[in-house]
Amino acid sequence: MKGSIILSIIVSVICPVVHMWTPVFMYGTLKKGQPNYFRMEDTANGEAEFIACARTVEKYPLVIDTEYNIPFLLNVPGKGHHVYGEIYRVNQTMLDFLDKFEECPEWYQRIKIQLEVQDGDGERENKLESGSIMETEVYVKTKCEPELLQKPTYERYDTNGDHGLKYKEPE
Ligand SMILES: *[C@@H]1O[C@H](CO)[C@@H](O)[C@H](O)[C@H]1NC(C)=O
C-alpha cells in the first residue's frame with residue numbers, strides 16, 4: 001500500500017497533467033543509439049522526454065525475430081531476463097504515432113509493466129530515486145508463437161550486439 005501511494009505521488013510529480021503525458025518503456029530500436037531513435041526526436045511525431053533508465057521488475061523474454069531482426073518483448077513473465085531499457089514520457093500525439101508505428105494491436109500490444117528505476121536523470125528537477133518502482137506502458141508482441149520461446153533471450157537490446165542480428169528497416 002505504502003509503495004503504491006509513493007508511486008502515485010511520483011507519477012503526479014512527473015506527469016502534472018496525468019492524462020496528457022504517458023510514461024512508456026522502450027527496450028528496442030526506439031532507445032537512444034538505436035536505429036529508430038530519430039523517430040522519438042522528431043517533433044512531427046509528437047513529444048518524448050527521457051526520464052530514466054530502468055529494468056523490468058519481472059523477468060521477460062526479449063527475443064529477436066523475423067527477417068528484419070525485430071526485437072520483441074514476450075508477455076511471458078518469469079522467463080528470460082530482467083530487461084533493461086529507457087523510460088520516456090510522451091504526449092498523446094507521440095503515443096498515437098507509436099501505436100501506429102508498432103502496428104498496435106496487430107503486431108504489438110500495449111500493456112502495463114512494472115519497472116525498477118536504474119538512475120534518475122540528474123538534470124531534472126523531479127529526479128526519480130534509483131531503485132524506485134514505476135508502472136509504464138510497454139509494447140509486447142501480440143501473438144507469442146511457441147517457437148519464439150525457443151529463441152535466445154537478451155537482457156539489453158543492441159542492434160549491433162554480438163548476436164549479429166542487425167535490425168533491417170522493413171519496407
Ligand atoms: C505533442 O507535441 C508535439 C510537438 O511539440 C505538438 O506538435 C503536439 O501538438 C503535442 N500534442 C498534444 C496532444 O499536445
# chains A, B, ... in the order shown; residues from 1 in each chain; ligands from 1
$ select_by_dssp --residues "segment 2-136 of chain A" --states "alpha helix (DSSP H)" --output "JSON, numbers by chain"
{"A": [2, 3, 4, 5, 6, 7, 8, 9, 10, 11, 12, 13, 14, 37, 38, 39, 40, 41, 92, 93, 94, 95, 96, 97, 98, 99, 100, 101]}
$ residues_around --residues "Ala48 of chain A" --least-positions-apart "3" --cutoff "8 Å" --atoms "only C-alpha atoms" --output "PyMOL selection string"
chain A and resi 40-41+88-91+94
$ residues_around --residues "segment 165-169 of chain A" --least-positions-apart "5" --cutoff "9 Å" --atoms "only C-alpha atoms" --output "PyMOL selection string"
chain A and resi 29+35+64-65+67-71+158-160
$ write_last_selection --atoms "N, CA and C atoms" --output "PDB file, in the first residue's frame"
ATOM      1  N   THR A  29      14.423  -0.837 -30.656  1.00  0.00           N
ATOM      2  CA  THR A  29      15.033   0.045 -31.651  1.00  0.00           C
ATOM      3  C   THR A  29      14.732   1.521 -31.417  1.00  0.00           C
ATOM      4  N   PRO A  35      18.399   2.174 -34.052  1.00  0.00           N
ATOM      5  CA  PRO A  35      18.047   2.666 -35.394  1.00  0.00           C
ATOM      6  C   PRO A  35      16.750   3.483 -35.518  1.00  0.00           C
ATOM      7  N   ILE A  64      14.749 -11.716 -30.704  1.00  0.00           N
ATOM      8  CA  ILE A  64      14.881 -11.034 -31.997  1.00  0.00           C
ATOM      9  C   ILE A  64      14.327 -11.981 -33.046  1.00  0.00           C
ATOM     10  N   ASP A  65      13.390 -11.475 -33.863  1.00  0.00           N
ATOM     11  CA  ASP A  65      12.709 -12.371 -34.799  1.00  0.00           C
ATOM     12  C   ASP A  65      12.367 -11.651 -36.094  1.00  0.00           C
ATOM     13  N   GLU A  67      12.578 -11.695 -40.572  1.00  0.00           N
ATOM     14  CA  GLU A  67      13.709 -11.444 -41.485  1.00  0.00           C
ATOM     15  C   GLU A  67      14.297 -10.053 -41.255  1.00  0.00           C
ATOM     16  N   TYR A  68      13.583  -9.190 -40.536  1.00  0.00           N
ATOM     17  CA  TYR A  68      14.067  -7.825 -40.285  1.00  0.00           C
ATOM     18  C   TYR A  68      14.798  -7.705 -38.945  1.00  0.00           C
ATOM     19  N   ASN A  69      14.886  -8.813 -38.223  1.00  0.00           N
ATOM     20  CA  ASN A  69      15.554  -8.815 -36.910  1.00  0.00           C
ATOM     21  C   ASN A  69      14.944  -7.788 -35.962  1.00  0.00           C
ATOM     22  N   ILE A  70      13.646  -7.929 -35.764  1.00  0.00           N
ATOM     23  CA  ILE A  70      12.912  -7.008 -34.894  1.00  0.00           C
ATOM     24  C   ILE A  70      12.938  -7.543 -33.456  1.00  0.00           C
ATOM     25  N   PRO A  71      13.272  -6.673 -32.483  1.00  0.00           N
ATOM     26  CA  PRO A  71      13.223  -7.124 -31.084  1.00  0.00           C
ATOM     27  C   PRO A  71      11.779  -7.144 -30.566  1.00  0.00           C
ATOM     28  N   ASP A 158      20.648  -4.414 -28.341  1.00  0.00           N
ATOM     29  CA  ASP A 158      21.511  -3.525 -29.113  1.00  0.00           C
ATOM     30  C   ASP A 158      21.567  -4.092 -30.528  1.00  0.00           C
ATOM     31  N   THR A 159      21.187  -3.281 -31.511  1.00  0.00           N
ATOM     32  CA  THR A 159      21.181  -3.764 -32.898  1.00  0.00           C
ATOM     33  C   THR A 159      22.560  -4.270 -33.312  1.00  0.00           C
ATOM     34  N   ASN A 160      23.627  -3.700 -32.724  1.00  0.00           N
ATOM     35  CA  ASN A 160      24.987  -4.105 -33.070  1.00  0.00           C
ATOM     36  C   ASN A 160      25.574  -5.117 -32.089  1.00  0.00           C
TER      37      ASN A 160
END
$ residues_around --residues "Val138 of chain A" --least-positions-apart "3" --cutoff "8 Å" --atoms "only C-alpha atoms" --output "mmCIF file with N, CA and C atoms, in the first residue's frame"
data_model
loop_
_atom_site.group_PDB
_atom_site.id
_atom_site.type_symbol
_atom_site.label_atom_id
_atom_site.label_comp_id
_atom_site.auth_asym_id
_atom_site.auth_seq_id
_atom_site.Cartn_x
_atom_site.Cartn_y
_atom_site.Cartn_z
ATOM 1 N N VAL A 24 6.269 5.559 -21.047
ATOM 2 C CA VAL A 24 6.411 4.364 -21.893
ATOM 3 C C VAL A 24 7.826 3.813 -21.737
ATOM 4 N N PHE A 25 7.918 2.494 -21.654
ATOM 5 C CA PHE A 25 9.218 1.815 -21.535
ATOM 6 C C PHE A 25 9.684 1.387 -22.922
ATOM 7 N N MET A 26 10.879 1.823 -23.301
ATOM 8 C CA MET A 26 11.458 1.463 -24.596
ATOM 9 C C MET A 26 12.610 0.503 -24.366
ATOM 10 N N ARG A 110 -0.131 -2.928 -26.389
ATOM 11 C CA ARG A 110 0.393 -2.025 -25.356
ATOM 12 C C ARG A 110 -0.199 -2.440 -24.020
ATOM 13 N N ILE A 111 0.681 -2.808 -23.080
ATOM 14 C CA ILE A 111 0.229 -3.236 -21.756
ATOM 15 C C ILE A 111 0.994 -2.446 -20.694
ATOM 16 N N LYS A 112 0.635 -2.657 -19.436
ATOM 17 C CA LYS A 112 1.356 -2.000 -18.339
ATOM 18 C C LYS A 112 2.435 -2.941 -17.809
ATOM 19 N N ILE A 113 3.535 -2.321 -17.357
ATOM 20 C CA ILE A 113 4.649 -3.125 -16.851
ATOM 21 C C ILE A 113 5.265 -2.410 -15.651
#
$ residues_near_ligand --ligand "ligand 1" --cutoff "9 Å" --atoms "only C-alpha atoms and all ligand atoms" --output "PyMOL selection string"
chain A and resi 20-21+42-48+90-94
$ select_by_dssp --residues "chain A" --states "strand (DSSP E or B)" --output "PyMOL selection string"
chain A and resi 21-26+48-56+60+62-65+70-73+81+84-91+108-120+133-141+156
$ atom_distance --atom1 "atom CA of Lys59 of chain A" --atom2 "atom CA of Cys144 of chain A"
15.9 Å
$ residues_around --residues "Val140 of chain A" --least-positions-apart "5" --cutoff "10 Å" --atoms "only C-alpha atoms" --output "mmCIF file with N, CA and C atoms, in the first residue's frame"
data_model
loop_
_atom_site.group_PDB
_atom_site.id
_atom_site.type_symbol
_atom_site.label_atom_id
_atom_site.label_comp_id
_atom_site.auth_asym_id
_atom_site.auth_seq_id
_atom_site.Cartn_x
_atom_site.Cartn_y
_atom_site.Cartn_z
ATOM 1 N N TYR A 60 11.353 -11.141 -18.352
ATOM 2 C CA TYR A 60 10.577 -11.343 -19.584
ATOM 3 C C TYR A 60 11.530 -11.811 -20.671
ATOM 4 N N LEU A 62 13.131 -11.370 -24.057
ATOM 5 C CA LEU A 62 13.335 -10.386 -25.131
ATOM 6 C C LEU A 62 14.041 -11.153 -26.240
ATOM 7 N N PRO A 71 13.272 -6.673 -32.483
ATOM 8 C CA PRO A 71 13.223 -7.124 -31.084
ATOM 9 C C PRO A 71 11.779 -7.144 -30.566
ATOM 10 N N PHE A 72 11.443 -8.197 -29.864
ATOM 11 C CA PHE A 72 10.107 -8.328 -29.277
ATOM 12 C C PHE A 72 10.233 -8.716 -27.809
ATOM 13 N N LEU A 73 9.497 -8.034 -26.975
ATOM 14 C CA LEU A 73 9.338 -8.489 -25.598
ATOM 15 C C LEU A 73 8.100 -9.381 -25.596
ATOM 16 N N LEU A 74 8.228 -10.567 -25.018
ATOM 17 C CA LEU A 74 7.094 -11.501 -24.979
ATOM 18 C C LEU A 74 6.432 -11.411 -23.615
ATOM 19 N N ASN A 75 5.116 -11.416 -23.632
ATOM 20 C CA ASN A 75 4.382 -11.285 -22.372
ATOM 21 C C ASN A 75 4.316 -12.630 -21.652
ATOM 22 N N VAL A 76 5.502 -13.108 -21.289
ATOM 23 C CA VAL A 76 5.612 -14.370 -20.549
ATOM 24 C C VAL A 76 6.485 -14.089 -19.329
ATOM 25 N N GLU A 102 4.162 0.800 -34.121
ATOM 26 C CA GLU A 102 4.302 -0.561 -33.573
ATOM 27 C C GLU A 102 3.197 -1.487 -34.092
ATOM 28 N N CYS A 104 0.064 -1.553 -33.455
ATOM 29 C CA CYS A 104 -0.725 -1.984 -32.304
ATOM 30 C C CYS A 104 -2.200 -1.920 -32.727
ATOM 31 N N PRO A 105 -2.990 -2.966 -32.577
ATOM 32 C CA PRO A 105 -2.736 -4.199 -31.811
ATOM 33 C C PRO A 105 -2.364 -5.422 -32.641
ATOM 34 N N TRP A 107 0.568 -6.331 -34.348
ATOM 35 C CA TRP A 107 1.890 -6.880 -34.050
ATOM 36 C C TRP A 107 2.244 -6.785 -32.587
ATOM 37 N N TYR A 108 2.055 -5.597 -32.068
ATOM 38 C CA TYR A 108 2.371 -5.379 -30.652
ATOM 39 C C TYR A 108 1.096 -4.971 -29.937
ATOM 40 N N GLN A 109 1.087 -5.274 -28.667
ATOM 41 C CA GLN A 109 0.004 -4.886 -27.792
ATOM 42 C C GLN A 109 0.609 -3.964 -26.757
ATOM 43 N N ARG A 110 -0.131 -2.928 -26.389
ATOM 44 C CA ARG A 110 0.393 -2.025 -25.356
ATOM 45 C C ARG A 110 -0.199 -2.440 -24.020
ATOM 46 N N ILE A 111 0.681 -2.808 -23.080
ATOM 47 C CA ILE A 111 0.229 -3.236 -21.756
ATOM 48 C C ILE A 111 0.994 -2.446 -20.694
ATOM 49 N N LYS A 112 0.635 -2.657 -19.436
ATOM 50 C CA LYS A 112 1.356 -2.000 -18.339
ATOM 51 C C LYS A 112 2.435 -2.941 -17.809
ATOM 52 N N ILE A 113 3.535 -2.321 -17.357
ATOM 53 C CA ILE A 113 4.649 -3.125 -16.851
ATOM 54 C C ILE A 113 5.265 -2.410 -15.651
#
